[in-house]
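Engineer: My structure is below; once you've seen it, I'll send some questions.
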Amino acid sequence: MSEGQKFQLGTIGALSLSVVSSVSIVICNKALISTLGFTFATTLTSWHLLVTFCSLHVALWMKMFEHKPFDPRAVMGFGILNGISIGLLNLSLGFNSVGFYQMTKLAIIPCTVLLETLFFRKMFSRKIQFSLTILLLGVGIATVTDLQLNMLGSVLSLLAVITTCVAQIMTNTIQKKFKVSSTQLLYQSCPYQAITLFVTGPFLDGLLTNQNVFAFKYTSQVVFFIVLSCLISVSVNFSTFLVIGKTSPVTYQVLGHLKTCLVLAFGYVLLKDPFNWRNILGIMVAVIGMVVYSYFCSIETQQKATETSSTQLPQMKESEKDPLIAVENGSGVLSDGGGGVQKTAAPVWNSNKEF
């Protein structure tokens, strides 16, 4: 199996794991919050991250992955920013209508595209922009109902969108810049995310629900669903970093909207949630947008691979003719200067290769 095939297989596995785990945790949390009345979402997220860190620490102890320390300031800033973005999203939901909150989530994709274009000079073709427009239109039809605006809620939503976009872009860039895996980055940033939410969680949840998380009556059923939610969250957090690292922040957001459509469908089938023609139409349009996006992404990836191979081939042919160029490319032959013995030069790899 070639490296390209292995990468594609790994990407498909990461996407599948992300979808299955995210839909599972939404269903679990919906039962916990709606049925059992445990409405402390931010505090629950901090417990998710603590369990994730403990699980990764056990995996490290079992030598399932290698610890790779890197810039501690980057890790700390990244972890705290992730924690803040989660808290702001929860506040946005608390101070806005559900419809406006869904619009906030839809705004993450165009905001990410804008930031990557401005600061990373990343170009998005018109075909990709067109497919993203279809996707956002479909999800908007399926999920956005009322749009009640207020100043505080709008400011919180704007901050939530910006911090979420920056955090997801950083997830991708840090893995590539420091050559760390998704597991290594998650392991090092998890404590900062968990501490940020663990400290602010009870206050935010109290502000939003007028209840005290420590005064809540924890029955055996509540504890069971909390433990189940924390266990599923390990897979959710791991797959999130894995998907963004292997693809891009925009692709991760596209995947997130696929999860939204699946949650709506599962809610109707399993939990008998209300479902109307708008939901059905919106999901159909969104799925079309996802298919078109996936198709154009695969076409552009193949074109880039073809262009890369076509540019490397003339260089290889030229290096065979000119020994000086061959040495520069790491494939030449060096003379020891005395006995006529020839030594093959070690290849010079480009450490800044873009993936």
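Identifiers in this document derive from the order of the structure tokens: chains are assigned A, B, ..., residues are numbered from 1 separately in each chain, and ligands are numbered from 1 in order of occurrence.
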Write out as a list in words the residues lying within 6 Å of stretch 87-98 of chain A, counting only C-alpha atoms and excluding same-chain residues fewer than 6 positions away.

Structural biologist: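 Within the cut-off, the hits are Gln148, Gly153, Leu156, Ser157, Ala160 and Leu208 of chain A.
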
Engineer: Can those selected residues be exported to a file as a PDB file, in the first residue's frame so that it contains N, CA, C and O atoms?

Structural biologist:
```pdb
ATOM      1  N   GLN A 148     -33.681  36.221  17.012  1.00  0.00           N
ATOM      2  CA  GLN A 148     -33.874  37.304  17.969  1.00  0.00           C
ATOM      3  C   GLN A 148     -32.509  37.873  18.346  1.00  0.00           C
ATOM      4  O   GLN A 148     -31.648  37.160  18.859  1.00  0.00           O
ATOM      5  N   GLY A 153     -25.692  39.373  23.389  1.00  0.00           N
ATOM      6  CA  GLY A 153     -25.622  38.082  22.703  1.00  0.00           C
ATOM      7  C   GLY A 153     -24.846  38.167  21.406  1.00  0.00           C
ATOM      8  O   GLY A 153     -24.085  37.260  21.063  1.00  0.00           O
ATOM      9  N   LEU A 156     -21.076  38.390  22.214  1.00  0.00           N
ATOM     10  CA  LEU A 156     -20.590  37.077  22.637  1.00  0.00           C
ATOM     11  C   LEU A 156     -20.459  36.124  21.451  1.00  0.00           C
ATOM     12  O   LEU A 156     -19.486  35.361  21.359  1.00  0.00           O
ATOM     13  N   SER A 157     -21.416  36.193  20.530  1.00  0.00           N
ATOM     14  CA  SER A 157     -21.362  35.334  19.348  1.00  0.00           C
ATOM     15  C   SER A 157     -20.176  35.693  18.460  1.00  0.00           C
ATOM     16  O   SER A 157     -19.489  34.807  17.935  1.00  0.00           O
ATOM     17  N   ALA A 160     -17.116  34.398  20.078  1.00  0.00           N
ATOM     18  CA  ALA A 160     -17.101  32.931  19.989  1.00  0.00           C
ATOM     19  C   ALA A 160     -16.639  32.474  18.613  1.00  0.00           C
ATOM     20  O   ALA A 160     -15.838  31.539  18.485  1.00  0.00           O
ATOM     21  N   LEU A 208     -25.960  31.019  33.683  1.00  0.00           N
ATOM     22  CA  LEU A 208     -26.901  30.640  32.631  1.00  0.00           C
ATOM     23  C   LEU A 208     -28.117  29.882  33.153  1.00  0.00           C
ATOM     24  O   LEU A 208     -29.194  29.951  32.555  1.00  0.00           O
TER      25      LEU A 208
END
```

Engineer: Go through stretch 70-237 of chain A and collect every residue that DSSP, computed from the backbone, puts in helix (DSSP H, G or I); the answer should be as a PyMOL selection string.

Structural biologist: chain A and resi 72-95+98-106+108-120+126-143+151-177+182-209+213-215+220-237

Engineer: Check the smallest atom-to-atom distance from each of A:Val19, A:Ala305, A:Leu36, A:Val199 to A:Lys217 using only C-alpha atoms, then report the winner.

Structural biologist: A:Leu36

Engineer: Please list as a ChimeraX atom specification every residue within 9 Å of stretch 244-255 of chain A, counting only C-alpha atoms and excluding residues in the same chain fewer than 2 positions away.

Structural biologist: /A:7,10-11,14-15,18-19,105-106,108-110,112-113,132,135-136,165,168-169,171-176,181-182,239-242,257-260,290,293-294,355

Engineer: Could you tell me how far atom CA of A:His57 lies from atom CA of A:Phe40, in Å and to one decimal?

Structural biologist: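 Computed distance, atom CA of A:His57 to atom CA of A:Phe40, equals 26.1 Å.
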
Engineer: Please determine, counting only C-alpha atoms, which residue among A:Gln102, A:Thr196, A:Ser298, A:Thr219 has the shortest atom-to-atom distance to A:Phe38.

Structural biologist: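 Closest candidate: A:Thr219.
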
Engineer: Write out as a list in words the residues lying within 6 Å of stretch 200-207 of chain A, counting only C-alpha atoms and excluding same-chain residues fewer than 4 positions away.

Structural biologist: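 Near neighbours after the sequence-gap exclusion: Phe40, Thr42, Thr43, Gln211 and Asn212 of chain A.
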
Engineer: May I have the residues within 6 Å of stretch 282-288 of chain A as a ChimeraX atom specification, using only C-alpha atoms and disregarding those fewer than 5 positions away in the same chain?

Structural biologist: /A:135,138-139,141-142,261

Engineer: Rounded to one decimal in Å, what is the spacing between atom CA of A:Leu159 and atom CA of A:Phe119?

Structural biologist: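 Taking atom CA of A:Leu159 and atom CA of A:Phe119, their separation equals 18.5 Å.
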